[in-house]
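*Asks:* One structure follows; several queries about it will come next.
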Amino acid sequence: MAGYIVRRTLGMVVLLVLLTLAVFVLFSLMPADPARLTCGKACSPQIIENNRHRLELDIPPVEQYQRFVSGIFFGRTYLADTKRPLECEAPCLGYSFLRNQEVLDLITKAAPVTFWLAIGGFVTWMTVGLVFGIVAALKRGRWQDRTVMGIALVGYSLPSFFIGLVLYFFVILFLHLLPNPQWKAGMPFKDLGGFVQTMLLPWITIATLNAAFYMRLTRNQVLEVFGEDYVRTARAKGLKERTVVVKHALRAGLTPIVTAAGLDLAYLLGGAIITENIFNLPGLGSLAIGSVIASDLPLISGITLIAATLIIVANLVVDLLYAVVDPRVRVG
Amino acid sequence: MPRSNAWLRRALVFGTTFALVLAACGGSTTPSPTTTVTQGPGDTPAPTEEVDHSGGTIYMLTAAEEFDDIDPQRAYTGEDLAFFGATIMRSLTSFIYDPDAGVANTLQGDLATDTGTASPDATSWSFTLRDGLTWEDGSELTCEDVKYGVSRTFANDVIVNGPTYAVQYLDIPSNPITDENDPKSGFLSAYYGPYDGTGQADFDKAVSCDGKTITFKLNQPVADFNYTVTLGFSPVPDPTGHPDLEDTVEQYTLRPWSNGPYKIDEYTQGNGGHLILVRNDAWDPASDPIRKAYPDVWQVDFGIDAKVMDQRLIASEGDDAFAIQYGSIQPENLSTIFTDPETPNADFAGRATSDFDPFARYYWIDTNKVSNEKHRQAMAVALDRDAIRANLGGDYAGALGDGVIKPNLGDQYAETGMWTDLFGQAVPDTGDPEFAKQLIADSGEPMPALTWDYPQTAVRDQEAAILVASFGLAGITVTPNPIPPGQYYGIVFDDEAAHEFGWAGWGPDWPNASTVIGPLFTDKGGWNLSRVHDEDFVQGVQDALAELNHAAQAKMWQDLNKLAMERVYVIPTTFGLSQTFGGTKVQPLYQWAPYGSWPYAEMYVTP
C-alpha cells in the first residue's frame, strides 16, 4: 500500500511538471501580446518594449519557465532592476500585473468560496442522487421509478445557466424569498445565516444537473448488481432485503459511483464558472474566466496548476477508496 | 479614452445574440445628433441649497471585476476618472456638473482657485491651490504633492498604463540613452521619475512650486493645458512632506490616498468583490465648491451578471432602489425600458438615459496604401452606412457620424457636410454606388483591391459582409481580414501587417478636440492609423494647439475635422449612443458629458 502511494505521488509530480510545461508552451504560442495588452491607450513601441521587460517576456521562454518553477520553491523578485522591486515569497505562483496582486493571494481568496460551493453542491446531489436512484431501482418499472427517471431526464436536460437564472429571477427577484447573494469574507463562520442564504441557490443549481446524473447512475448500478449471483445467493440464504440491498448490492454498486463522484468533486473544486458568475460568487471559476478574458498568463498558469493538482490528487484518493468500498480490489 | 475593457468583453459575449435580433428590427430613422437627457415629468427636482440630501448609500452595480487602475497616475478609463474624480481624487481643474453638454464641458478650478494662467505663447501655465486642502489624515495638501504626483508619470518602468501627457508636454529633454541593450533606454524622458531620481534637476526646472502656485513649463504651446491637467496630474503625498508614508507604488494601485470627500474603506477585486467609500472627515467642504458629497457611503459591487443586473434595477427593490448601473442596458431589455431611443417608458421616466457615449466609430484608411483621394472618397460614398448602423442595433446604437468630433463635445462640433455637399453632391445613408464609380473614373487610376482589418466579433463579421456587398455594387473588391480582438491594435499599428483600411473607435481624453484631431491625424498623438503625414494639416493642428481663445480654437478644430473628412482620412460610421439606468431612489440620473458618466458629485438618495 505504502509503495503504491509513493509511486503514485511521484507520478503525480511528473504529471504536474509536464502540465506546467504544457500551459507555459501553449501560452507562449498565443498570438496575443501581453506587453501590448498592458500598454494602455498612450501606447508606443517604446512602452511596449518596457512592458515586455517588466513582464519578463524579453528573456528566453526556457528561462521564463525556470523562473516560474523556481519561484514555486524558492520565491522570486519582479522588477529587480528598478528601485521598486516586488518580492514574491515561496510558494510563488506568479504576480498578476493586471490585478497588481500575487497569484497565490488571489487564489487563496477565491478558493474558500469554491470549496464551500463544491462541498454543499456535492452533498446535495449525492444525497438526492443516491436516495432517489436506489428508490427507482427498488421500485423498478413502477410509478416511483418512472417519476424519478422523469425528473432525472428534466434535470439532465436543463443547462446550469438556465437553472441558475430561473432560480435567481423567481426566488430572489420575483418572490423575494432570498436576498441578493452576497459573499462576505469570513463566511460561513462569521455569518452562517447569510452564508446559507447566499449559497442555497448556487447549491441547487450545481446539484440539479449532477443529481440527475447520479440518480440514473445509481439506479443502473444497483439494478446491475441485483442481477449478480451473490445477491441471489444472499436472498436465497434468507437475508433481510435491507441487508441484501445495503450490505451487498449497494456496496458493490458504489465503486463506479465513487469514481465519478471523486472526479466530479475535484472538477468542481477547480471552479464552477457559470454558477459563480450568475450568483456573483468570487470563486476560482470567476477568477479563471476573468484571467482568460484578460490573457493574464500568471493567473491562468496558477489556476491551472491548482485545478490540475486537485484532479490528480482526487484520482489517487479515488483509487485508494476502491479498496475500502469494494473488498475485491487490492492496491499495491 | 478607453472604456472598461472587462465590461465591454462581457457585454459583447452576452449581447451579441440580442444585438442581432435588434438589428433585424432596427428602424432607419436617424436620431438627431444632439445630446438627449431623458428626464421624465415626474422627476425629482435638482438639488438646491435649501434641501439637505445627505445620508444613505448609493450602490453601483457592474459586470467588471475591478477598476482598470485607480492609482492617480494610472487611472485612464473615462467612467473611472469620473467616479474617482468626484469622490477621492481631485485634480487642479475639473468640469461643471450639468445635464447640458455645452455647460458640462466647461472647465472650472478644482484644487486650483481658477482654470489656470497661461503665458501669452501658451508654453507656460500656472495654477494656484485653494486654501484648506487636506489629505485624509488631515495633513495639508501642498504644491509639492501636486508636483510629486506629476513626477510619478515619468517612472514608466513601474507606473504603467496611464496617460503620458506630462512626458509629452513638459519641457524636459528626451532620454539620451538609445542603446536598446541598456535597461535605462526604456525611460521615455531624461527624467526617470522620483524613484530612480535621474534627471531630477530637469524636472525641477519644468515644474516648480512657489508657495501655493505651481508652474509648468512646456516644450510647445498647449492652449488647453488646463484641460490636460485633469488627466494624470492628480497629487500624491510627497514622501518628503510625509516621512511616515513611503510610496511603494504597489499600495497606490489598490488604495490611493484621498483628498476628496470620501476615502477607501474596502477594496476587494473580482467577482463578488466591493469597493466601499466612506466619508473622509478631513475633507473641508469650504475648500471644494464642486462636490456635494450627499451619500454617506458609495458601494461598488463587482462581477454582477449583466442580465441579473438589468433585472435587479428593473425591479428596483430593497437596496437596488438606491443602485445605479455602471455599464449599459442589455439589448434585450431596451424595449422594456424605452419607447424609443430618446424616451423611456413611463415606469422608467427619470431613471433611464440614452445619450452619446464618448466614442466616434470610423474606418481608418491608410493614406499611403490608398493614396488617391478620389479613391478614398469613392470608398466613403459606396458604403451603406445605414445598414452598418442597423447591424449594430439601429437607433439605439447611435447616430450616423459625419466626422470624428462628436456633438457631445459641445462647441467643438460642427457639421462637416460630408454627406450633403462635401464631395459635390449629397450621399444617401445607403451609399451611392454610381457616384462612387464616377469618382473612381475621375481618379484616373484603377481602384486597388482592398482588405479590411477588423477585430472579430459576430456583429463585425456581419458588418464585413455588409461592407463587401455595398463596395461590390461600386465595383470595389474588399477582402475582410478578421483579427482576434486582443491582437487587433498590435497588428494594425504595424505598418507592414496593417492592410488598406480597418475598424476603429476613438473618444477624447478631455472635452476638447485637441485630443481627437491631433492623435488621429498626426504622429504625435499615437493613434494615427491613417498614416497621415500632410504638413499643412500638421501645421493646422499646431496652430490650433497654440490658440488661447477657446472659441477661435474650437472653430479651428471644426475646420480641421472638415478637412480630414474631405480628404477622407477616415470614413465615419456612427456616433455611438449608450443606454443606462438606475434605481427609483437615486437622483439626478443623467449622463454627464465630460466622461459620458453619471454626475457622481451631485448624486443623492431620496426617501
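Each chain in the C-alpha cells gets a letter, A, B, ..., in the order shown, and its residues are numbered from 1; ligands are numbered from 1 in order too.
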Report as an MDAnalysis selection string the set of chain A residues whose atoms approach chain B to within 9 Å, with distances computed over only C-alpha atoms.
*Replies:* chainID A and resid 31:33 36:44 46:47 49:51 53:54 79 81:84 86 98:101 106 110 165 168:169 173:174 179:184 276:283 286:287 290 293:295
*Asks:* If you run DSSP on the backbone here, which positions in region 54-256 of chain A get helix (DSSP H, G or I)? Please write them as a ChimeraX atom specification.
*Replies:* /A:54,61-74,103-138,143-157,160-174,192-226,229-236,241-256
*Asks:* I'd like to know which of A:Gly150, A:Gly3, A:Gly94, A:Gly71 is closest to Arg216 (chain A), using only C-alpha atoms.
*Replies:*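 Comparing A:Gly150, A:Gly3, A:Gly94, A:Gly71 against Arg216 (chain A), the winner is A:Gly150.
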*Asks:* Can you tell me which residues surround Pro237 (chain B) at a distance of at most 8 Å, considering only C-alpha atoms, apart from same-chain residues fewer than 2 positions away, and format the answer as an NGL selection string?
*Replies:* :B and (141 or 145 or 148-149 or 235 or 239 or 241-242 or 245 or 257)
*Asks:* Could you give me, as a list in words, the residues within 12 Å of Val231 (chain A), counting only C-alpha atoms and dropping anything in the same chain fewer than 2 positions from it?
*Replies:* Val222, Leu223, Glu224, Val225, Phe226, Gly227, Glu228, Asp229, Thr233, Ala234, Arg235, Ala236, Lys237, Gly238, Leu239, Lys240, Glu241, Arg242, Thr243, Val244, Val245, Val246, Lys247, His248, Ala249, Leu250, Arg251, Ala252 and Gly253 of chain A
*Asks:* Suppose we keep C-alpha atoms; can you now write the selection as an mmCIF file, in the first residue's frame?
*Replies:*
data_model
loop_
_atom_site.group_PDB
_atom_site.id
_atom_site.type_symbol
_atom_site.label_atom_id
_atom_site.label_comp_id
_atom_site.auth_asym_id
_atom_site.auth_seq_id
_atom_site.Cartn_x
_atom_site.Cartn_y
_atom_site.Cartn_z
ATOM 1 C CA VAL A 222 -27.955 -1.202 -8.257
ATOM 2 C CA LEU A 223 -30.098 -2.972 -10.853
ATOM 3 C CA GLU A 224 -26.998 -4.499 -12.402
ATOM 4 C CA VAL A 225 -25.793 -5.774 -9.061
ATOM 5 C CA PHE A 226 -29.264 -7.138 -8.265
ATOM 6 C CA GLY A 227 -28.756 -9.500 -11.164
ATOM 7 C CA GLU A 228 -25.450 -10.862 -9.787
ATOM 8 C CA ASP A 229 -25.238 -14.385 -8.460
ATOM 9 C CA THR A 233 -27.387 -16.259 -3.088
ATOM 10 C CA ALA A 234 -27.845 -13.712 -0.295
ATOM 11 C CA ARG A 235 -31.567 -13.670 -0.887
ATOM 12 C CA ALA A 236 -31.638 -17.494 -1.094
ATOM 13 C CA LYS A 237 -29.944 -17.592 2.317
ATOM 14 C CA GLY A 238 -32.952 -15.715 3.669
ATOM 15 C CA LEU A 239 -31.220 -12.433 4.464
ATOM 16 C CA LYS A 240 -33.431 -9.433 5.019
ATOM 17 C CA GLU A 241 -33.983 -7.335 1.900
ATOM 18 C CA ARG A 242 -32.496 -4.314 3.695
ATOM 19 C CA THR A 243 -29.296 -6.257 4.389
ATOM 20 C CA VAL A 244 -29.156 -7.510 0.806
ATOM 21 C CA VAL A 245 -29.510 -4.010 -0.565
ATOM 22 C CA VAL A 246 -27.309 -2.082 1.835
ATOM 23 C CA LYS A 247 -24.605 -4.572 2.662
ATOM 24 C CA HIS A 248 -24.250 -6.481 -0.575
ATOM 25 C CA ALA A 249 -25.797 -4.778 -3.583
ATOM 26 C CA LEU A 250 -25.172 -1.148 -2.778
ATOM 27 C CA ARG A 251 -21.610 -1.590 -1.604
ATOM 28 C CA ALA A 252 -20.574 -3.334 -4.795
ATOM 29 C CA GLY A 253 -22.577 -0.958 -6.916
#
*Asks:* Write out as a ChimeraX atom specification all residues of region 25-238 of chain B that DSSP puts in strand (DSSP E) for this structure's backbone.
*Replies:* /B:57-61,93-95,107-109,117-118,124-128,207-210,213-217
*Asks:* Go through A:Asp145, A:Asp58, A:Glu89, A:Asp319 and flag the residue nearest Phe73 (chain A), using only C-alpha atoms for the distances.
*Replies:*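 For Phe73 (chain A), the nearest of the given residues is A:Glu89.
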*Asks:* If I take CA of Gly507 (chain B) and CA of Thr215 (chain B), how far is one from the other in Å, to one decimal?
*Replies:*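 Computed distance, CA of Gly507 (chain B) to CA of Thr215 (chain B), equals 28.6 Å.
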*Asks:* Near Arg8 (chain A), within 12 Å and counting only C-alpha atoms, which residues show up once chain neighbours fewer than 5 positions away are dropped, as a PyMOL selection string?
*Replies:* chain A and resi 1-3+13-15+312-317+319-320+331-332
*Asks:* Take the residues from that selection and write them out as a PDB file, in the first residue's frame, keeping C-alpha atoms.
*Replies:*
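Listing of again10.pdb after writing:
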ATOM      1  CA  MET A   1       0.000   0.000   0.000  1.00  0.00           C
ATOM      2  CA  ALA A   2       2.738   2.472   1.019  1.00  0.00           C
ATOM      3  CA  GLY A   3       4.754   1.658  -2.082  1.00  0.00           C
ATOM      4  CA  VAL A  13       4.707  15.219  -9.548  1.00  0.00           C
ATOM      5  CA  VAL A  14       5.927  14.259 -13.021  1.00  0.00           C
ATOM      6  CA  LEU A  15       2.454  14.879 -14.397  1.00  0.00           C
ATOM      7  CA  ILE A 312      -4.717  14.340  -9.894  1.00  0.00           C
ATOM      8  CA  VAL A 313      -4.994  14.072  -6.105  1.00  0.00           C
ATOM      9  CA  ALA A 314      -8.656  13.162  -6.434  1.00  0.00           C
ATOM     10  CA  ASN A 315      -7.698  10.376  -8.836  1.00  0.00           C
ATOM     11  CA  LEU A 316      -5.310   8.997  -6.267  1.00  0.00           C
ATOM     12  CA  VAL A 317      -7.885   9.207  -3.477  1.00  0.00           C
ATOM     13  CA  ASP A 319      -8.132   4.668  -6.429  1.00  0.00           C
ATOM     14  CA  LEU A 320      -7.421   4.203  -2.756  1.00  0.00           C
ATOM     15  CA  VAL A 331      -3.929  -1.858  -4.219  1.00  0.00           C
ATOM     16  CA  GLY A 332      -0.229  -2.396  -4.201  1.00  0.00           C
TER      17      GLY A 332
END
*Asks:* Residues at most 8 Å from region 376-389 of chain B, counting only C-alpha atoms, excluding those fewer than 2 positions away in the same chain, as a compact mmCIF listing (two decimals) with N, CA and C atoms, in the first residue's frame?
*Replies:*
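Output saved as result.txt:
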# COMPACT_ATOMS: atom_id res chain seq x y z
N SER B 28 -34.92 52.92 -39.61
CA SER B 28 -33.97 53.67 -40.40
C SER B 28 -33.89 55.13 -40.00
N ILE B 365 -8.36 54.78 -43.03
CA ILE B 365 -7.82 54.37 -44.35
C ILE B 365 -6.34 54.73 -44.36
N VAL B 370 -3.73 53.75 -49.84
CA VAL B 370 -4.79 54.26 -50.73
C VAL B 370 -4.52 55.76 -50.85
N SER B 371 -3.55 56.09 -51.67
CA SER B 371 -3.03 57.47 -51.71
C SER B 371 -3.89 58.39 -52.57
N ASN B 372 -4.70 57.83 -53.45
CA ASN B 372 -5.53 58.65 -54.31
C ASN B 372 -6.79 59.11 -53.55
N GLU B 373 -6.90 60.43 -53.40
CA GLU B 373 -8.01 60.97 -52.59
C GLU B 373 -9.37 60.59 -53.18
N LYS B 374 -9.46 60.53 -54.50
CA LYS B 374 -10.73 60.17 -55.14
C LYS B 374 -11.12 58.72 -54.79
N ASN B 391 -27.14 47.06 -38.32
CA ASN B 391 -26.49 45.85 -37.83
C ASN B 391 -25.99 46.02 -36.40
N LEU B 392 -25.63 47.23 -36.03
CA LEU B 392 -25.12 47.48 -34.68
C LEU B 392 -26.25 47.62 -33.65
N GLY B 393 -27.49 47.74 -34.13
CA GLY B 393 -28.60 47.89 -33.19
C GLY B 393 -29.54 49.00 -33.56
N GLY B 394 -29.36 49.59 -34.73
CA GLY B 394 -30.30 50.61 -35.21
C GLY B 394 -30.24 51.88 -34.40
N ASP B 395 -31.42 52.42 -34.13
CA ASP B 395 -31.49 53.72 -33.47
C ASP B 395 -30.78 53.72 -32.12
N ALA B 397 -28.16 52.15 -31.34
CA ALA B 397 -26.70 52.06 -31.47
C ALA B 397 -26.06 53.42 -31.64
N GLY B 398 -26.81 54.36 -32.21
CA GLY B 398 -26.23 55.69 -32.37
C GLY B 398 -26.70 56.38 -33.62
N ALA B 399 -26.17 57.57 -33.81
CA ALA B 399 -26.50 58.35 -34.99
C ALA B 399 -25.41 58.13 -36.04
N LEU B 400 -25.74 58.40 -37.29
CA LEU B 400 -24.72 58.29 -38.33
C LEU B 400 -23.70 59.41 -38.14
N PHE B 423 -18.54 66.40 -51.14
CA PHE B 423 -17.99 65.77 -52.35
C PHE B 423 -18.70 66.27 -53.61
N VAL B 427 -24.89 62.42 -50.44
CA VAL B 427 -24.68 60.97 -50.44
C VAL B 427 -25.74 60.34 -49.53
N ASP B 429 -27.77 57.73 -47.08
CA ASP B 429 -27.26 56.89 -45.99
C ASP B 429 -26.96 55.47 -46.46
N THR B 430 -27.64 55.05 -47.51
CA THR B 430 -27.44 53.69 -48.01
C THR B 430 -26.29 53.60 -49.01
N GLY B 431 -25.59 54.72 -49.24
CA GLY B 431 -24.48 54.72 -50.19
C GLY B 431 -24.95 55.01 -51.60
N ASP B 432 -24.00 55.40 -52.46
CA ASP B 432 -24.33 55.75 -53.84
C ASP B 432 -23.30 55.10 -54.76
N PRO B 433 -23.56 53.85 -55.18
CA PRO B 433 -22.57 53.12 -55.99
C PRO B 433 -22.22 53.82 -57.29
N PHE B 435 -22.24 57.05 -57.97
CA PHE B 435 -21.35 58.19 -57.69
C PHE B 435 -19.95 57.69 -57.37
N ALA B 436 -19.88 56.58 -56.65
CA ALA B 436 -18.57 56.01 -56.31
C ALA B 436 -17.83 55.59 -57.59
N LYS B 437 -18.57 54.99 -58.50
CA LYS B 437 -17.94 54.58 -59.78
C LYS B 437 -17.41 55.80 -60.52
N LEU B 439 -16.42 58.64 -59.20
CA LEU B 439 -15.23 59.13 -58.51
C LEU B 439 -14.00 58.30 -58.88
N ILE B 440 -14.22 56.98 -59.00
CA ILE B 440 -13.10 56.11 -59.39
C ILE B 440 -12.64 56.46 -60.80
N GLU B 463 -20.94 42.96 -40.24
CA GLU B 463 -20.57 44.28 -40.76
C GLU B 463 -19.65 44.11 -41.99
N ILE B 466 -21.71 43.29 -44.97
CA ILE B 466 -22.38 44.49 -45.50
C ILE B 466 -21.40 45.34 -46.30
N LEU B 467 -20.21 45.47 -45.73
CA LEU B 467 -19.19 46.30 -46.38
C LEU B 467 -18.81 45.72 -47.76
N SER B 470 -21.78 46.29 -50.21
CA SER B 470 -22.01 47.67 -50.68
C SER B 470 -20.84 48.17 -51.53
N PHE B 471 -19.62 47.80 -51.18
CA PHE B 471 -18.48 48.19 -52.02
C PHE B 471 -18.55 47.46 -53.37
N LEU B 473 -21.11 46.75 -55.09
CA LEU B 473 -22.02 47.44 -56.01
C LEU B 473 -21.31 48.54 -56.77
N ALA B 474 -20.26 49.09 -56.17
CA ALA B 474 -19.50 50.15 -56.84
C ALA B 474 -18.28 49.60 -57.57
N ILE B 476 -15.88 47.82 -56.20
CA ILE B 476 -14.68 47.82 -55.34
C ILE B 476 -14.59 46.46 -54.66
N GLU B 566 -12.96 65.70 -45.87
CA GLU B 566 -12.86 65.98 -47.31
C GLU B 566 -11.77 65.11 -47.93
N ARG B 567 -10.66 64.96 -47.19
CA ARG B 567 -9.56 64.12 -47.69
C ARG B 567 -9.80 62.64 -47.36
N VAL B 568 -10.86 62.38 -46.65
CA VAL B 568 -11.26 61.03 -46.27
C VAL B 568 -10.09 60.25 -45.63
N TYR B 569 -9.53 60.86 -44.59
CA TYR B 569 -8.55 60.11 -43.80
C TYR B 569 -9.25 58.94 -43.11
N ILE B 571 -13.46 57.05 -42.69
CA ILE B 571 -14.90 57.06 -43.04
C ILE B 571 -15.67 56.96 -41.73
N THR B 573 -18.60 56.24 -39.27
CA THR B 573 -19.79 55.37 -39.36
C THR B 573 -20.86 55.81 -38.36
N THR B 574 -20.59 55.67 -37.06
CA THR B 574 -21.63 56.05 -36.09
C THR B 574 -21.04 56.89 -34.95
*Asks:* As a ChimeraX atom specification, please: the residues near Gln579 (chain B) (cut-off 8 Å, only C-alpha atoms, same-chain neighbours under 3 positions excluded).
*Replies:* /B:328-329,334,352-355,396
*Asks:* Between CA of Leu170 (chain B) and CA of Leu218 (chain B), what is the distance in Å, rounded to a tenth?
*Replies:*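 Between these atoms lies a distance of 4.4 Å.
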